[in-house]
>>> print(open('target.txt').read())   # compact mmCIF, C-alpha atoms
# COMPACT_ATOMS: atom_id res chain seq x y z
CA VAL A 5 120.39 18.76 87.99
CA ALA A 6 120.03 19.27 91.76
CA HIS A 7 122.20 16.23 92.49
CA ASN A 8 125.74 15.00 91.88
CA CYS A 9 124.91 12.85 88.89
CA VAL A 10 125.21 12.83 85.09
CA LEU A 11 122.82 14.72 82.83
CA ILE A 12 121.90 13.72 79.29
CA HIS A 13 120.23 16.53 77.34
CA GLN A 14 117.73 15.48 74.68
CA PRO A 15 116.01 18.29 72.73
CA ASP A 16 112.26 18.54 73.49
CA GLU A 17 112.53 15.85 76.15
CA PRO A 18 109.32 15.64 78.21
CA PRO A 19 109.48 16.47 81.93
CA ALA A 20 109.67 13.63 84.39
CA ASN A 21 106.40 13.28 86.28
CA TYR A 22 107.36 10.96 89.13
CA TRP A 23 107.70 13.74 91.71
CA GLY A 24 103.96 14.43 91.61
CA GLY A 25 102.37 17.81 91.07
CA THR A 26 103.39 19.96 88.13
CA VAL A 27 106.85 19.51 86.62
CA ARG A 28 107.69 22.66 84.69
CA ALA A 29 110.93 21.84 82.92
CA ASN A 30 113.49 19.19 82.06
CA HIS A 31 117.23 19.67 82.36
CA GLY A 32 118.65 16.37 81.21
CA GLY A 33 117.81 14.31 84.26
CA GLN A 34 116.29 10.97 85.14
CA HIS A 35 112.71 9.91 84.51
CA ASP A 36 112.13 7.26 87.14
CA ARG A 37 113.14 6.70 90.75
CA LEU A 38 113.02 2.93 90.20
CA GLY A 39 115.02 0.66 87.95
CA SER A 40 118.57 1.28 89.11
CA GLU A 41 120.54 -1.70 90.38
CA VAL A 42 123.45 -2.07 92.79
CA THR A 43 125.62 -4.63 91.03
CA ALA A 44 128.53 -4.78 93.47
CA PHE A 45 129.37 -3.68 97.00
CA GLU A 46 132.22 -4.41 99.39
CA THR A 47 133.72 -2.94 102.53
CA ASN A 48 136.97 -4.05 104.15
CA ASP A 49 139.85 -2.56 106.11
CA ASP A 50 141.50 -1.23 102.95
CA PHE A 51 138.73 0.29 100.83
CA VAL A 52 135.01 0.61 100.11
CA TYR A 53 133.66 -0.20 96.65
CA ALA A 54 130.21 0.21 95.12
CA ALA A 55 128.95 -0.21 91.55
CA GLY A 56 125.54 0.62 90.15
CA ASP A 57 123.64 0.61 86.87
CA GLY A 58 121.17 3.50 86.60
CA THR A 59 120.35 3.18 82.89
CA LYS A 60 116.68 2.42 83.37
CA THR A 61 116.09 5.56 85.42
CA TYR A 62 116.98 7.70 82.40
CA LEU A 63 114.40 6.07 80.11
CA HIS A 64 111.08 7.77 79.42
CA GLY A 65 109.37 5.05 77.42
CA GLY A 66 109.48 6.99 74.18
CA GLY A 67 107.36 9.78 75.66
CA ASN A 68 106.33 12.63 73.37
CA GLY A 69 107.23 10.49 70.36
CA LEU A 70 110.96 10.72 71.13
CA PRO A 71 113.40 7.80 71.13
CA GLU A 72 115.09 6.79 74.36
CA LYS A 73 118.15 8.89 75.11
CA ALA A 74 120.44 6.47 76.95
CA LYS A 75 121.95 3.06 76.29
CA GLU A 76 124.13 2.94 79.41
CA VAL A 77 124.60 5.04 82.55
CA THR A 78 126.71 3.37 85.25
CA ARG A 79 128.79 4.54 88.19
CA GLN A 80 131.56 2.87 90.18
CA ILE A 81 133.03 4.46 93.31
CA ILE A 82 136.12 3.52 95.33
CA PHE A 83 136.72 5.13 98.73
CA LEU A 84 140.30 4.91 99.99
CA PRO A 85 140.16 6.00 103.65
CA PRO A 86 140.53 8.51 104.99
CA SER A 87 140.41 11.03 102.17
CA HIS A 88 140.29 9.81 98.55
CA PHE A 89 137.38 8.90 96.28
CA ILE A 90 137.65 7.62 92.71
CA VAL A 91 134.47 8.00 90.63
CA PHE A 92 134.16 6.20 87.27
CA ASP A 93 131.12 6.71 85.02
CA ARG A 94 130.29 5.00 81.72
CA VAL A 95 127.69 6.95 79.73
CA GLU A 96 126.41 6.03 76.27
CA THR A 97 123.63 7.92 74.50
CA THR A 98 121.48 6.86 71.58
CA ASP A 99 122.56 9.99 69.70
CA PRO A 100 126.09 11.45 69.90
CA ASP A 101 124.61 14.97 69.80
CA TYR A 102 122.87 14.51 73.18
CA LYS A 103 125.12 16.55 75.47
CA LYS A 104 126.41 14.91 78.66
CA GLU A 105 127.27 16.79 81.86
CA TRP A 106 128.94 15.39 84.97
CA LEU A 107 127.97 17.44 88.03
CA LEU A 108 129.44 18.22 91.42
CA HIS A 109 127.75 20.77 93.70
CA THR A 110 129.53 22.91 96.28
CA ALA A 111 128.41 25.19 99.10
CA HIS A 112 130.61 28.08 97.99
CA GLU A 113 132.26 29.19 94.77
CA PRO A 114 134.94 26.70 93.69
CA HIS A 115 138.26 27.70 92.13
CA ILE A 116 139.11 26.02 88.81
CA ASP A 117 142.72 25.51 87.70
CA GLY A 118 142.91 23.54 84.46
CA LYS A 119 141.38 20.12 85.10
CA THR A 120 141.41 20.53 88.89
CA PHE A 121 139.05 22.50 91.10
CA ARG A 122 139.09 23.32 94.80
CA ALA A 123 136.20 24.16 97.11
CA GLU A 124 135.99 25.10 100.80
CA HIS A 125 133.31 24.89 103.45
CA ARG A 126 133.85 25.81 107.09
CA GLN A 127 137.24 24.29 107.98
CA GLY A 128 137.15 21.75 105.16
CA ARG A 129 138.68 21.71 101.70
CA MET A 130 138.04 19.46 98.70
CA PHE A 131 140.03 18.94 95.52
CA CYS A 132 138.59 17.26 92.45
CA ARG A 133 140.57 16.36 89.31
CA THR A 134 139.07 15.34 85.98
CA LEU A 135 141.12 12.60 84.31
CA LEU A 136 138.52 11.64 81.68
CA PRO A 137 137.28 12.70 79.21
CA GLU A 138 140.72 13.81 78.08
CA ASP A 139 139.11 16.67 76.13
CA ALA A 140 136.87 17.66 79.06
CA VAL A 141 135.40 21.15 79.20
CA ILE A 142 134.85 22.37 82.78
CA GLU A 143 132.31 25.11 83.43
CA LEU A 144 131.08 26.82 86.59
CA VAL A 145 127.41 27.58 87.29
CA GLY A 146 126.12 29.52 90.29
CA GLY A 147 126.35 32.76 92.19
CA PRO A 148 123.87 35.64 92.44
CA GLY A 149 120.99 35.09 90.06
CA LYS A 150 122.17 31.61 89.08
CA GLU A 151 122.14 29.76 92.41
CA PHE A 152 119.57 27.23 91.13
CA TRP A 153 119.94 27.68 87.38
CA ALA A 154 118.29 25.05 85.18
CA ALA A 155 116.35 24.87 81.92
CA GLY A 156 117.24 28.44 81.03
CA ARG A 157 116.22 30.21 84.22
CA ASN A 158 116.91 30.57 87.93
CA TRP A 159 114.38 28.82 90.17
CA ASP A 160 113.12 30.42 93.35
CA ILE A 161 113.15 28.56 96.64
CA VAL A 162 110.88 28.90 99.66
CA ASP A 163 113.15 30.99 101.88
CA ASP A 164 111.18 31.17 105.15
CA GLY A 165 114.10 32.65 107.10
CA LEU A 166 116.85 30.35 105.87
CA THR A 167 120.31 31.22 107.18
CA ASP A 168 123.26 31.79 104.86
CA GLU A 169 124.65 28.44 106.01
CA GLU A 170 121.42 26.63 105.20
CA ARG A 171 121.32 28.21 101.75
CA ALA A 172 124.97 27.27 101.17
CA MET A 173 124.24 23.64 102.02
CA MET A 174 121.66 23.56 99.23
CA GLY A 175 124.60 23.75 96.82
CA GLN A 176 124.39 27.18 95.22
CA TRP A 177 127.33 26.40 92.93
CA ARG A 178 128.05 23.47 90.66
CA VAL A 179 130.84 22.35 88.36
CA GLU A 180 129.78 20.87 85.02
CA VAL A 181 132.19 18.57 83.16
CA SER A 182 131.34 17.86 79.50
CA PRO A 183 133.14 16.08 76.65
CA GLY A 184 134.86 18.44 74.25
CA ALA A 185 133.33 16.74 71.20
CA ALA A 186 130.09 14.93 70.38
CA ARG A 187 130.35 11.17 70.96
CA ALA A 188 127.85 8.45 71.72
CA LYS A 189 129.99 6.95 74.50
CA ASP A 190 132.11 8.76 77.06
CA ILE A 191 134.00 7.78 80.18
CA PHE A 192 134.10 10.17 83.13
CA LEU A 193 136.88 9.60 85.66
CA HIS A 194 137.38 11.85 88.69
CA VAL A 195 139.52 11.71 91.81
CA ILE A 196 138.25 13.62 94.84
CA GLN A 197 140.40 14.36 97.89
CA THR A 198 139.05 15.80 101.13
CA GLY A 199 140.79 17.35 104.12
CA THR A 200 141.18 20.53 106.14
CA GLN A 201 142.14 23.90 104.70
CA THR A 202 145.76 23.20 105.63
CA MET A 203 145.81 20.87 102.59
CA GLU A 204 147.52 22.99 99.94
CA HIS A 205 147.40 20.61 96.98
CA MET A 206 146.21 17.19 95.87
CA SER A 207 148.17 13.98 96.08
CA HIS A 208 149.93 13.01 92.87
CA VAL A 209 147.25 11.62 90.55
CA GLU A 210 147.57 10.36 86.98
CA LEU A 211 145.56 8.45 84.37
CA VAL A 212 146.45 4.78 83.76
CA GLU A 213 145.33 2.41 81.03
CA LYS A 214 146.03 -1.32 81.28
CA ASP A 215 144.41 -4.75 81.30
CA ALA A 216 141.57 -3.57 79.02
CA GLY A 217 140.63 -0.94 81.59
CA MET A 218 141.22 2.66 82.53
CA GLY A 219 141.67 4.24 85.91
CA ALA A 220 143.78 6.30 88.27
CA ARG A 221 147.14 5.97 89.97
CA LEU A 222 147.69 8.04 93.11
CA VAL A 223 150.54 8.32 95.56
CA ARG A 224 150.06 9.19 99.23
CA ASP A 225 151.93 8.48 102.47
CA GLY A 226 154.52 6.37 100.65
CA GLU A 227 151.86 4.13 99.08
CA THR A 228 150.98 3.86 95.40
CA TRP A 229 147.38 2.96 94.65
CA GLU A 230 146.25 1.90 91.18
CA VAL A 231 142.54 1.38 90.48
CA THR A 232 141.32 0.46 87.00
CA PHE A 233 137.80 -0.16 85.71
CA ARG A 234 136.42 -2.02 82.72
CA VAL A 235 135.29 0.28 79.94
CA ASP A 236 132.95 -2.32 78.39
CA GLY A 237 130.90 -5.31 79.50
CA PRO A 238 130.01 -6.19 83.10
CA LEU A 239 131.05 -3.63 85.70
CA GLY A 240 134.34 -4.60 87.26
CA GLY A 241 137.98 -3.68 87.64
CA HIS A 242 141.17 -4.15 89.61
CA ILE A 243 142.82 -2.56 92.65
CA ARG A 244 146.50 -2.56 93.56
CA ARG A 245 148.50 -1.08 96.44
CA ALA A 246 152.28 -1.14 96.78
CA GLY A 247 154.85 0.53 99.03
CA GLY A 248 154.40 1.74 102.57
CA PRO A 249 154.24 -0.37 105.74
CA ARG A 250 151.09 -2.32 104.87
CA PRO A 251 151.05 -5.61 102.92
CA ALA A 252 150.72 -5.30 99.15
CA LEU A 253 147.21 -5.50 97.70
CA ASP A 254 146.52 -6.88 94.21
CA ARG A 255 143.07 -8.22 93.35
CA ALA A 256 140.01 -7.90 91.17
CA LEU A 257 137.07 -5.81 92.32
CA THR A 258 134.06 -7.85 93.33
CA GLN A 259 131.17 -8.24 90.91
CA SER A 260 128.56 -9.06 93.54
CA VAL A 261 127.05 -7.54 96.67
CA GLN A 262 129.09 -8.72 99.66
CA PRO A 263 128.08 -8.79 103.33
CA GLN A 264 128.93 -5.56 105.09
CA THR A 265 132.23 -5.99 106.93
CA GLY A 266 135.28 -4.00 107.89
CA ILE A 267 135.21 -0.21 108.05
CA TRP A 268 131.53 0.55 108.46
CA ALA A 269 130.53 -2.58 110.33
CA ARG A 270 132.63 -1.75 113.38
>>> encode(input="target.txt", output="structure tokens")
Amino acid sequence: VAHNCVLIHQPDEPPANYWGGTVRANHGGQHDRLGSEVTAFETNDDFVYAAGDGTKTYLHGGGNGLPEKAKEVTRQIIFLPPSHFIVFDRVETTDPDYKKEWLLHTAHEPHIDGKTFRAEHRQGRMFCRTLLPEDAVIELVGGPGKEFWAAGRNWDIVDDGLTDEERAMMGQWRVEVSPGAARAKDIFLHVIQTGTQTMEHMSHVELVEKDAGMGARLVRDGETWEVTFRVDGPLGGHIRRAGGPRPALDRALTQSVQPQTGIWAR
């Protein structure tokens, strides 16, 4: 719950013990630091792509006599420099009644407008739009008395003279995105745009469904980007770019870990 991940809430789920010491509560999180796998990675002059399967980190080995709670928890991220991120999560539970929550923490209180929220920090501004689930319910958690709210209570921190800025960077607010109805499998699709506080609104963003996949189409600087992801089977997808001064781009996303080249290697 302290991180920008997906929670799966299973009633009476035992606490995870891998941190050491005494774990006092469980709030839908992971049970193991090990077991996740990076299935694909690529950097180039056009985009950065990473895909990972974290299913095994959510398993507790049937602890406390309970069944496992997850069948699939994966994440794929596309970064389109300099300012756009597309985040695609496939989450399937063993019981449709296990509530799922997609999290994003912010330093200060975000402003929610329908399926889009905005947050500021120093001179920066971030927009985030939920495209899936289509029936998403967006809730805000944080503020005085709920800065670190989890498992039904607010958790104290060791203050030791922390500044307001240091406390803000701990993420005293979070946005929770949940499906509007109980389902075993859900897709979470978000587009995040970053910039300065002169950015008044997001680029045009819309949901697309094609080629047995789902994804996002966004328009910026005269270019139209279209990124789709597989909803079943091996992690993969497709990326297209048209318009603007640069050559067109139309190719499948890699399904393996590539040598680091391009943007970050320079």
>>> residues_around(input="target.txt", residues="Leu84 of chain A", least_positions_apart="4", cutoff="12 Å", atoms="only C-alpha atoms", output="PyMOL selection string")
chain A and resi 47-53+88-91+195-198+222-224+227-231+243-245+267
>>> residues_around(input="target.txt", residues="Leu135 of chain A", least_positions_apart="6", cutoff="9 Å", atoms="all atoms listed in the file", output="ChimeraX atom specification")
/A:119,192-195,209-211,219-220
>>> closest_residue(input="target.txt", among="A:Lys104, A:Val212, A:Ser260, A:Gly149", to="Gly184 of chain A", atoms="all atoms listed in the file")
A:Lys104
>>> closest_residue(input="target.txt", among="A:His35, A:Lys60, A:His205, A:His7", to="Arg133 of chain A", atoms="all atoms listed in the file")
A:His205
>>> atom_distance(input="target.txt", atom1="atom CA of Asp93 of chain A", atom2="atom CA of Ile191 of chain A")
5.7 Å
>>> residues_around(input="target.txt", residues="Asp101 of chain A", least_positions_apart="6", cutoff="10 Å", atoms="only C-alpha atoms", output="ChimeraX atom specification")
/A:12-15,185-188
>>> atom_distance(input="target.txt", atom1="atom CA of His112 of chain A", atom2="atom CA of Glu204 of chain A")
17.8 Å
>>> residues_around(input="target.txt", residues="Glu113 of chain A", least_positions_apart="5", cutoff="8 Å", atoms="all atoms listed in the file", output="VMD selection string")
chain A and resid 123 146 to 147 177
>>> atom_distance(input="target.txt", atom1="atom CA of His242 of chain A", atom2="atom CA of Met218 of chain A")
9.8 Å
>>> closest_residue(input="target.txt", among="A:Thr232, A:Thr167, A:Gln176, A:Gln34", to="Ala256 of chain A", atoms="only C-alpha atoms")
A:Thr232
>>> closest_residue(input="target.txt", among="A:Pro183, A:Phe121, A:Tyr102, A:Asp160", to="Glu138 of chain A", atoms="all atoms listed in the file")
A:Pro183
>>> residues_around(input="target.txt", residues="Ile142 of chain A", least_positions_apart="6", cutoff="9 Å", atoms="all atoms listed in the file", output="PyMOL selection string")
chain A and resi 116+118-119+134+179-183
>>> closest_residue(input="target.txt", among="A:Asp139, A:Phe92, A:Asp16, A:Gly165", to="Gly69 of chain A", atoms="all atoms listed in the file")
A:Asp16
>>> closest_residue(input="target.txt", among="A:Gly33, A:Leu257, A:Glu105, A:Ala172", to="Ile81 of chain A", atoms="only C-alpha atoms")
A:Leu257
>>> build_atoms(input="target.txt", residues="segment 145-156 of chain A", atoms="all heavy atoms", output="mmCIF file, in the frame of the given file")
data_model
loop_
_atom_site.group_PDB
_atom_site.id
_atom_site.type_symbol
_atom_site.label_atom_id
_atom_site.label_comp_id
_atom_site.auth_asym_id
_atom_site.auth_seq_id
_atom_site.Cartn_x
_atom_site.Cartn_y
_atom_site.Cartn_z
ATOM 1 N N VAL A 145 128.754 27.017 87.270
ATOM 2 C CA VAL A 145 127.410 27.580 87.290
ATOM 3 C C VAL A 145 127.059 27.940 88.728
ATOM 4 O O VAL A 145 127.244 27.122 89.633
ATOM 5 C CB VAL A 145 126.368 26.590 86.725
ATOM 6 C CG1 VAL A 145 124.966 27.203 86.781
ATOM 7 C CG2 VAL A 145 126.716 26.190 85.301
ATOM 8 N N GLY A 146 126.537 29.150 88.944
ATOM 9 C CA GLY A 146 126.120 29.520 90.290
ATOM 10 C C GLY A 146 126.333 31.001 90.557
ATOM 11 O O GLY A 146 126.595 31.787 89.648
ATOM 12 N N GLY A 147 126.183 31.368 91.813
ATOM 13 C CA GLY A 147 126.350 32.760 92.190
ATOM 14 C C GLY A 147 125.054 33.543 92.088
ATOM 15 O O GLY A 147 124.005 32.995 91.727
ATOM 16 N N PRO A 148 125.087 34.821 92.426
ATOM 17 C CA PRO A 148 123.870 35.640 92.440
ATOM 18 C C PRO A 148 123.104 35.569 91.132
ATOM 19 O O PRO A 148 123.644 35.807 90.058
ATOM 20 C CB PRO A 148 124.418 37.055 92.689
ATOM 21 C CG PRO A 148 125.702 36.836 93.417
ATOM 22 C CD PRO A 148 126.281 35.583 92.836
ATOM 23 N N GLY A 149 121.837 35.202 91.229
ATOM 24 C CA GLY A 149 120.990 35.090 90.060
ATOM 25 C C GLY A 149 121.082 33.778 89.328
ATOM 26 O O GLY A 149 120.297 33.511 88.403
ATOM 27 N N LYS A 150 122.038 32.920 89.715
ATOM 28 C CA LYS A 150 122.170 31.610 89.080
ATOM 29 C C LYS A 150 122.387 30.500 90.107
ATOM 30 O O LYS A 150 122.926 29.447 89.801
ATOM 31 C CB LYS A 150 123.318 31.617 88.071
ATOM 32 C CG LYS A 150 122.992 32.366 86.780
ATOM 33 C CD LYS A 150 123.940 31.980 85.657
ATOM 34 C CE LYS A 150 123.448 32.547 84.333
ATOM 35 N NZ LYS A 150 124.327 32.154 83.203
ATOM 36 N N GLU A 151 121.941 30.743 91.344
ATOM 37 C CA GLU A 151 122.140 29.760 92.410
ATOM 38 C C GLU A 151 121.499 28.419 92.070
ATOM 39 O O GLU A 151 122.042 27.359 92.383
ATOM 40 C CB GLU A 151 121.572 30.269 93.735
ATOM 41 C CG GLU A 151 122.200 31.564 94.239
ATOM 42 C CD GLU A 151 121.438 32.806 93.811
ATOM 43 O OE1 GLU A 151 120.739 32.733 92.767
ATOM 44 O OE2 GLU A 151 121.519 33.826 94.503
ATOM 45 N N PHE A 152 120.307 28.461 91.452
ATOM 46 C CA PHE A 152 119.570 27.230 91.130
ATOM 47 C C PHE A 152 119.159 27.303 89.657
ATOM 48 O O PHE A 152 117.993 27.207 89.308
ATOM 49 C CB PHE A 152 118.366 27.086 92.058
ATOM 50 C CG PHE A 152 118.746 27.179 93.519
ATOM 51 C CD1 PHE A 152 118.428 28.295 94.273
ATOM 52 C CD2 PHE A 152 119.455 26.153 94.124
ATOM 53 C CE1 PHE A 152 118.804 28.389 95.607
ATOM 54 C CE2 PHE A 152 119.836 26.242 95.460
ATOM 55 C CZ PHE A 152 119.506 27.354 96.201
ATOM 56 N N TRP A 153 120.155 27.477 88.806
ATOM 57 C CA TRP A 153 119.940 27.680 87.380
ATOM 58 C C TRP A 153 119.709 26.338 86.686
ATOM 59 O O TRP A 153 120.496 25.407 86.810
ATOM 60 C CB TRP A 153 121.159 28.364 86.767
ATOM 61 C CG TRP A 153 120.974 28.715 85.317
ATOM 62 C CD1 TRP A 153 121.346 27.978 84.241
ATOM 63 C CD2 TRP A 153 120.365 29.904 84.807
ATOM 64 N NE1 TRP A 153 121.006 28.616 83.086
ATOM 65 C CE2 TRP A 153 120.400 29.806 83.390
ATOM 66 C CE3 TRP A 153 119.798 31.034 85.391
ATOM 67 C CZ2 TRP A 153 119.889 30.795 82.565
ATOM 68 C CZ3 TRP A 153 119.292 32.017 84.567
ATOM 69 C CH2 TRP A 153 119.335 31.902 83.170
ATOM 70 N N ALA A 154 118.592 26.263 85.947
ATOM 71 C CA ALA A 154 118.290 25.050 85.180
ATOM 72 C C ALA A 154 117.245 25.386 84.131
ATOM 73 O O ALA A 154 116.377 26.236 84.357
ATOM 74 C CB ALA A 154 117.769 23.937 86.089
ATOM 75 N N ALA A 155 117.329 24.707 82.998
ATOM 76 C CA ALA A 155 116.350 24.870 81.920
ATOM 77 C C ALA A 155 116.163 26.332 81.535
ATOM 78 O O ALA A 155 115.049 26.793 81.300
ATOM 79 C CB ALA A 155 115.015 24.241 82.317
ATOM 80 N N GLY A 156 117.274 27.080 81.532
ATOM 81 C CA GLY A 156 117.240 28.440 81.030
ATOM 82 C C GLY A 156 116.775 29.518 81.976
ATOM 83 O O GLY A 156 116.550 30.662 81.567
#
